[in-house]
Amino acid sequence: MELRVRRSCHSRIEKEEIVETEQSQGLTTRRSFVVRGLVAGAAAIAAGQWFADGSPAFAAGESGSLPAGDAAILRFLSAAEILETDLWQQYNELGGIQDKEVPGGSGNPQYTKALKVLDGDMDQYIHDNTEDEFTHFTFINAYLVSRGAKPVNLDRFRTLPSSKATGAQQIGRLTNLMKLTVDTSWFTRYRSRTKSPDLGHGFPQAIPGLSKGKFPAIPRSDADLHPAKHLQAIANTAGFHFAFIEQGGTSLYPSLAQRVTNPEVLRILLSIGPTETMHFQTWQDKAGNAPPLTDPTNGLVFPDLNKPPHGGEDFQTNLIMPEPTVFLSRKFPVCSIIRPTNTHGAAMGALKALTADGLFIGQPPAFFATLTQLAHAADAA
Ligand SMILES: [Fe+2]
Ligand SMILES: [Fe+2]
C-alpha cells in the first residue's frame, strides 16, 4: 500500500504520525489512514493528513476530520456514557456522597445506610463512578467537536420521572431505575473456567428472581423505605445492577476498539475502557456482599450464593477476579480475560441489553430510533 504523507511543520507531530503508520500497517488493509495532527502548545494545530489512494482525506458531514467509522463509534459511546451518567446521577442523588463534584441531590439516609450493608464505602464509590461517567461523555463529545465531528445530545429525551423519595431532584430523566429486570449472569460468566459468551455459551443467573419481573433499584418514594427487608432488597438490586452496567462497558470498549482505525481514537477507547473495568471489579466485589433475604412485599429472593445449591466456582462470592477460561479457541490454554469481546454487532448488543434491563421503560419510539441509528452506524464501522 502506498502512503502519501503531507509535510507537517511540527517535528513532534511528524514523529507521532510515523508511529501511527507503523501501527496501522500491521493491522488491516481496509484502513483509510486518515490521521490528523494533534493540538500542540497553546493554539497551534498542525494537521498531517495521510491518503491511502489520493482521494480526499476527510469525509464531509458528521464525522469532520475523523474516519466516518471512528466518529460513529465515538458517537455511540458518547450516547452510552450519557445514559450511564443519567442512571448513576440518580443513584448518587439518593445513595452517594453529596458534594460539588457531583451536584444535584441531597441524599437519602435510609437508602444510603442499606447500600452500606454491602460495603461501608458504597456512597464514595457511587459518587466516584458517577463523576467518572460525566467525564466520559463530556470528553468524548469535546473530542468529536475538536475534530469537526457531530457530538451527541439526548436532552430532548429527558422526560422520565424522578424518584419521589427524599433526596432526589425533581427533573426529567433519560433512564428508569424503578422497573428493572437485572441480568445477573455476569456473576457466573466471570466465574466459569470452561465457557465463554464469545463461543456461544450461556450462563446461569446468580439471582434468578431479579432476571424476571420488574424491581426498583432506588426507592420510588419514601414508602419504599419500609419495611427494612424491602429497602435492603432495593439496595441489593442496586448492588447487582451497578455491576451489570459496568460489565457492559468493560466489554463494549474492547469490542469496539477492534474496529477503530485512527490510533488516537484507539487510545481513547483503550484509556476509558479499563476504567469501566475498574468500576466493574469494585461492584462485583460489593454485589457478593448483598445479604441473603426475601423481600416481604414482592417475594424477591436473594439467595446465599456461598451455600448449596449455589457455591462452588460458579457462585463463590470472593472469586472477584476473572477465572481463566477458553479464549478464541479450545486449542489454546485457558486465559483470564474480559468477556465477551466479540466485535460483531457489539453496539446493538449493548443497546439491546440496556433495553432488556428496563432502563428505557417510558421512552418514546423516537428515542429507540435514535439509539438504534447510532448503534447501527457504530456496528457498520
Ligand atoms: Fe463510562
Ligand atoms: Fe461506567
# chains A, B, ... in the order shown; residues from 1 in each chain; ligands from 1
>>> residues_around(residues="A:Val102", least_positions_apart="2", cutoff="10 Å", atoms="only C-alpha atoms", output="ChimeraX atom specification")
/A:89,92-93,96-100,104-105,127-128,130-132,134
>>> closest_atom_pairs(of="chain A", to="ligand 1", cutoff="6 Å", atoms="only C-alpha atoms and all ligand atoms", output="JSON lines")
{"residue": "A:Glu81", "atom": "CA", "partner": "ligand 1", "partner_atom_place_in_ligand_line": "1 (Fe)", "distance": 5.0}
{"residue": "A:Glu133", "atom": "CA", "partner": "ligand 1", "partner_atom_place_in_ligand_line": "1 (Fe)", "distance": 4.4}
{"residue": "A:His136", "atom": "CA", "partner": "ligand 1", "partner_atom_place_in_ligand_line": "1 (Fe)", "distance": 5.4}
{"residue": "A:Glu276", "atom": "CA", "partner": "ligand 1", "partner_atom_place_in_ligand_line": "1 (Fe)", "distance": 5.9}
>>> closest_residue(among="A:Leu210, A:Ala356, A:Ile268, A:Leu371", to="A:Thr294", atoms="only C-alpha atoms")
A:Leu210
>>> select_by_dssp(residues="stretch 177-375 of chain A", states="strand (DSSP E)", output="ChimeraX atom specification")
/A:293-294,301-302
>>> write_last_selection(atoms="C-alpha atoms", output="mmCIF file, in the first residue's frame")
data_model
loop_
_atom_site.group_PDB
_atom_site.id
_atom_site.type_symbol
_atom_site.label_atom_id
_atom_site.label_comp_id
_atom_site.auth_asym_id
_atom_site.auth_seq_id
_atom_site.Cartn_x
_atom_site.Cartn_y
_atom_site.Cartn_z
ATOM 1 C CA LEU A 293 -33.075 -12.238 52.138
ATOM 2 C CA THR A 294 -36.599 -12.357 50.787
ATOM 3 C CA VAL A 301 -35.201 -13.781 46.837
ATOM 4 C CA PHE A 302 -31.502 -13.044 47.253
#
>>> residues_near_ligand(ligand="ligand 2", cutoff="10 Å", atoms="only C-alpha atoms and all ligand atoms", output="number ranges by chain")
A: 80-81, 83-85, 88, 129-134, 136, 242-250, 272-280
>>> write_last_selection(atoms="N, CA and C atoms", output="mmCIF file, in the first residue's frame")
data_model
loop_
_atom_site.group_PDB
_atom_site.id
_atom_site.type_symbol
_atom_site.label_atom_id
_atom_site.label_comp_id
_atom_site.auth_asym_id
_atom_site.auth_seq_id
_atom_site.Cartn_x
_atom_site.Cartn_y
_atom_site.Cartn_z
ATOM 1 N N ALA A 80 -23.907 6.120 24.994
ATOM 2 C CA ALA A 80 -23.920 5.146 26.089
ATOM 3 C C ALA A 80 -23.466 5.801 27.391
ATOM 4 N N GLU A 81 -22.472 6.682 27.294
ATOM 5 C CA GLU A 81 -21.964 7.350 28.502
ATOM 6 C C GLU A 81 -22.968 8.374 29.038
ATOM 7 N N LEU A 83 -26.186 8.001 28.851
ATOM 8 C CA LEU A 83 -27.188 7.168 29.529
ATOM 9 C C LEU A 83 -26.659 6.665 30.863
ATOM 10 N N GLU A 84 -25.391 6.247 30.870
ATOM 11 C CA GLU A 84 -24.763 5.800 32.120
ATOM 12 C C GLU A 84 -24.773 6.930 33.146
ATOM 13 N N THR A 85 -24.406 8.115 32.692
ATOM 14 C CA THR A 85 -24.349 9.259 33.600
ATOM 15 C C THR A 85 -25.717 9.523 34.213
ATOM 16 N N TRP A 88 -26.427 6.853 36.848
ATOM 17 C CA TRP A 88 -25.549 6.997 38.020
ATOM 18 C C TRP A 88 -25.897 8.241 38.818
ATOM 19 N N ASN A 129 -18.016 6.812 40.740
ATOM 20 C CA ASN A 129 -18.454 6.217 39.466
ATOM 21 C C ASN A 129 -19.284 7.239 38.682
ATOM 22 N N THR A 130 -20.129 7.966 39.399
ATOM 23 C CA THR A 130 -20.969 8.978 38.745
ATOM 24 C C THR A 130 -20.107 10.075 38.115
ATOM 25 N N GLU A 131 -19.153 10.556 38.860
ATOM 26 C CA GLU A 131 -18.282 11.612 38.329
ATOM 27 C C GLU A 131 -17.531 11.118 37.091
ATOM 28 N N ASP A 132 -17.055 9.862 37.161
ATOM 29 C CA ASP A 132 -16.323 9.299 36.004
ATOM 30 C C ASP A 132 -17.189 9.318 34.749
ATOM 31 N N GLU A 133 -18.460 8.945 34.896
ATOM 32 C CA GLU A 133 -19.328 8.873 33.707
ATOM 33 C C GLU A 133 -19.557 10.258 33.109
ATOM 34 N N PHE A 134 -19.704 11.249 33.981
ATOM 35 C CA PHE A 134 -19.820 12.631 33.486
ATOM 36 C C PHE A 134 -18.618 12.965 32.603
ATOM 37 N N HIS A 136 -16.635 10.959 31.041
ATOM 38 C CA HIS A 136 -16.525 10.143 29.822
ATOM 39 C C HIS A 136 -17.290 10.788 28.664
ATOM 40 N N PHE A 242 -25.373 -2.240 39.537
ATOM 41 C CA PHE A 242 -24.120 -1.494 39.323
ATOM 42 C C PHE A 242 -23.154 -2.351 38.495
ATOM 43 N N ALA A 243 -23.002 -3.607 38.922
ATOM 44 C CA ALA A 243 -22.048 -4.486 38.229
ATOM 45 C C ALA A 243 -22.533 -4.832 36.827
ATOM 46 N N PHE A 244 -23.859 -4.996 36.667
ATOM 47 C CA PHE A 244 -24.401 -5.268 35.324
ATOM 48 C C PHE A 244 -24.040 -4.138 34.364
ATOM 49 N N ILE A 245 -24.241 -2.908 34.807
ATOM 50 C CA ILE A 245 -23.942 -1.752 33.950
ATOM 51 C C ILE A 245 -22.456 -1.708 33.605
ATOM 52 N N GLU A 246 -21.619 -1.876 34.590
ATOM 53 C CA GLU A 246 -20.183 -1.674 34.370
ATOM 54 C C GLU A 246 -19.522 -2.846 33.654
ATOM 55 N N GLN A 247 -20.061 -4.075 33.808
ATOM 56 C CA GLN A 247 -19.509 -5.158 32.984
ATOM 57 C C GLN A 247 -19.836 -4.902 31.519
ATOM 58 N N GLY A 248 -20.942 -4.192 31.266
ATOM 59 C CA GLY A 248 -21.292 -3.849 29.883
ATOM 60 C C GLY A 248 -20.228 -2.952 29.262
ATOM 61 N N GLY A 249 -19.847 -1.902 29.980
ATOM 62 C CA GLY A 249 -18.791 -1.010 29.497
ATOM 63 C C GLY A 249 -17.459 -1.729 29.372
ATOM 64 N N THR A 250 -17.228 -2.647 30.305
ATOM 65 C CA THR A 250 -15.984 -3.428 30.311
ATOM 66 C C THR A 250 -15.830 -4.211 29.015
ATOM 67 N N ILE A 272 -10.330 4.791 28.258
ATOM 68 C CA ILE A 272 -11.591 4.863 29.007
ATOM 69 C C ILE A 272 -12.066 3.454 29.383
ATOM 70 N N GLY A 273 -11.963 2.526 28.450
ATOM 71 C CA GLY A 273 -12.495 1.174 28.681
ATOM 72 C C GLY A 273 -12.058 0.555 30.003
ATOM 73 N N PRO A 274 -10.764 0.561 30.298
ATOM 74 C CA PRO A 274 -10.332 -0.063 31.562
ATOM 75 C C PRO A 274 -10.864 0.623 32.820
ATOM 76 N N THR A 275 -11.283 1.898 32.729
ATOM 77 C CA THR A 275 -11.897 2.486 33.924
ATOM 78 C C THR A 275 -13.265 1.838 34.169
ATOM 79 N N GLU A 276 -13.940 1.440 33.086
ATOM 80 C CA GLU A 276 -15.200 0.693 33.261
ATOM 81 C C GLU A 276 -14.906 -0.632 33.968
ATOM 82 N N THR A 277 -13.776 -1.231 33.607
ATOM 83 C CA THR A 277 -13.381 -2.493 34.240
ATOM 84 C C THR A 277 -13.078 -2.286 35.724
ATOM 85 N N MET A 278 -12.460 -1.154 36.051
ATOM 86 C CA MET A 278 -12.194 -0.868 37.470
ATOM 87 C C MET A 278 -13.516 -0.705 38.220
ATOM 88 N N HIS A 279 -14.470 -0.052 37.580
ATOM 89 C CA HIS A 279 -15.805 0.062 38.197
ATOM 90 C C HIS A 279 -16.395 -1.337 38.402
ATOM 91 N N PHE A 280 -16.377 -2.131 37.334
ATOM 92 C CA PHE A 280 -16.986 -3.462 37.416
ATOM 93 C C PHE A 280 -16.339 -4.292 38.518
#
>>> residues_around(residues="A:Ile218", least_positions_apart="2", cutoff="8 Å", atoms="only C-alpha atoms", output="VMD selection string")
chain A and resid 91 94 111 163 177 to 178 216 220 234 to 235 238
>>> write_last_selection(atoms="C-alpha atoms", output="PDB file, in the first residue's frame")
ATOM      1  CA  TYR A  91     -28.091   6.616  42.299  1.00  0.00           C
ATOM      2  CA  LEU A  94     -30.071   9.129  46.808  1.00  0.00           C
ATOM      3  CA  TYR A 111     -31.213   4.085  51.339  1.00  0.00           C
ATOM      4  CA  SER A 163     -37.972   9.134  42.231  1.00  0.00           C
ATOM      5  CA  LEU A 177     -34.378   2.692  37.684  1.00  0.00           C
ATOM      6  CA  MET A 178     -37.754   1.729  39.079  1.00  0.00           C
ATOM      7  CA  PRO A 216     -36.824  -0.882  41.799  1.00  0.00           C
ATOM      8  CA  ARG A 220     -39.584   5.115  44.255  1.00  0.00           C
ATOM      9  CA  ILE A 234     -33.792  -2.443  46.751  1.00  0.00           C
ATOM     10  CA  ALA A 235     -30.184  -1.801  47.828  1.00  0.00           C
ATOM     11  CA  ALA A 238     -28.776  -1.709  43.029  1.00  0.00           C
TER      12      ALA A 238
END
>>> select_by_dssp(residues="stretch 45-220 of chain A", states="alpha helix (DSSP H)", output="PyMOL selection string")
chain A and resi 68-95+109-115+122-146+186-189
>>> closest_residue(among="A:Ala165, A:Leu256, A:Thr194, A:Asp314", to="A:Ala375", atoms="only C-alpha atoms")
A:Leu256
>>> decode(residues="stretch 257-272 of chain A", atoms="N, CA and C atoms", output="mmCIF file, in the first residue's frame")
data_model
loop_
_atom_site.group_PDB
_atom_site.id
_atom_site.type_symbol
_atom_site.label_atom_id
_atom_site.label_comp_id
_atom_site.auth_asym_id
_atom_site.auth_seq_id
_atom_site.Cartn_x
_atom_site.Cartn_y
_atom_site.Cartn_z
ATOM 1 N N ALA A 257 -13.128 -1.238 20.076
ATOM 2 C CA ALA A 257 -11.749 -0.803 19.783
ATOM 3 C C ALA A 257 -11.172 -1.577 18.601
ATOM 4 N N GLN A 258 -11.641 -2.799 18.411
ATOM 5 C CA GLN A 258 -11.118 -3.625 17.311
ATOM 6 C C GLN A 258 -11.462 -3.039 15.945
ATOM 7 N N ARG A 259 -12.384 -2.071 15.913
ATOM 8 C CA ARG A 259 -12.813 -1.549 14.611
ATOM 9 C C ARG A 259 -12.493 -0.075 14.392
ATOM 10 N N VAL A 260 -11.785 0.567 15.315
ATOM 11 C CA VAL A 260 -11.388 1.952 15.030
ATOM 12 C C VAL A 260 -10.081 1.943 14.246
ATOM 13 N N THR A 261 -9.854 2.983 13.473
ATOM 14 C CA THR A 261 -8.675 2.998 12.599
ATOM 15 C C THR A 261 -7.650 4.055 12.989
ATOM 16 N N ASN A 262 -8.088 5.129 13.602
ATOM 17 C CA ASN A 262 -7.161 6.190 13.975
ATOM 18 C C ASN A 262 -6.534 5.848 15.328
ATOM 19 N N PRO A 263 -5.202 5.852 15.425
ATOM 20 C CA PRO A 263 -4.546 5.482 16.686
ATOM 21 C C PRO A 263 -4.951 6.353 17.869
ATOM 22 N N GLU A 264 -5.262 7.626 17.623
ATOM 23 C CA GLU A 264 -5.671 8.464 18.749
ATOM 24 C C GLU A 264 -7.061 8.061 19.245
ATOM 25 N N VAL A 265 -7.948 7.705 18.333
ATOM 26 C CA VAL A 265 -9.266 7.215 18.745
ATOM 27 C C VAL A 265 -9.106 5.887 19.478
ATOM 28 N N LEU A 266 -8.205 5.065 18.986
ATOM 29 C CA LEU A 266 -7.924 3.798 19.681
ATOM 30 C C LEU A 266 -7.424 4.080 21.098
ATOM 31 N N ARG A 267 -6.568 5.077 21.213
ATOM 32 C CA ARG A 267 -6.055 5.435 22.546
ATOM 33 C C ARG A 267 -7.189 5.853 23.478
ATOM 34 N N ILE A 268 -8.141 6.584 22.946
ATOM 35 C CA ILE A 268 -9.284 6.996 23.769
ATOM 36 C C ILE A 268 -10.042 5.770 24.271
ATOM 37 N N LEU A 269 -10.326 4.841 23.366
ATOM 38 C CA LEU A 269 -11.078 3.653 23.773
ATOM 39 C C LEU A 269 -10.278 2.797 24.760
ATOM 40 N N LEU A 270 -8.964 2.717 24.521
ATOM 41 C CA LEU A 270 -8.130 1.888 25.401
ATOM 42 C C LEU A 270 -7.881 2.557 26.742
ATOM 43 N N SER A 271 -8.134 3.856 26.827
ATOM 44 C CA SER A 271 -7.910 4.560 28.088
ATOM 45 C C SER A 271 -9.190 4.687 28.915
ATOM 46 N N ILE A 272 -10.330 4.791 28.258
ATOM 47 C CA ILE A 272 -11.591 4.863 29.007
ATOM 48 C C ILE A 272 -12.066 3.454 29.383
#
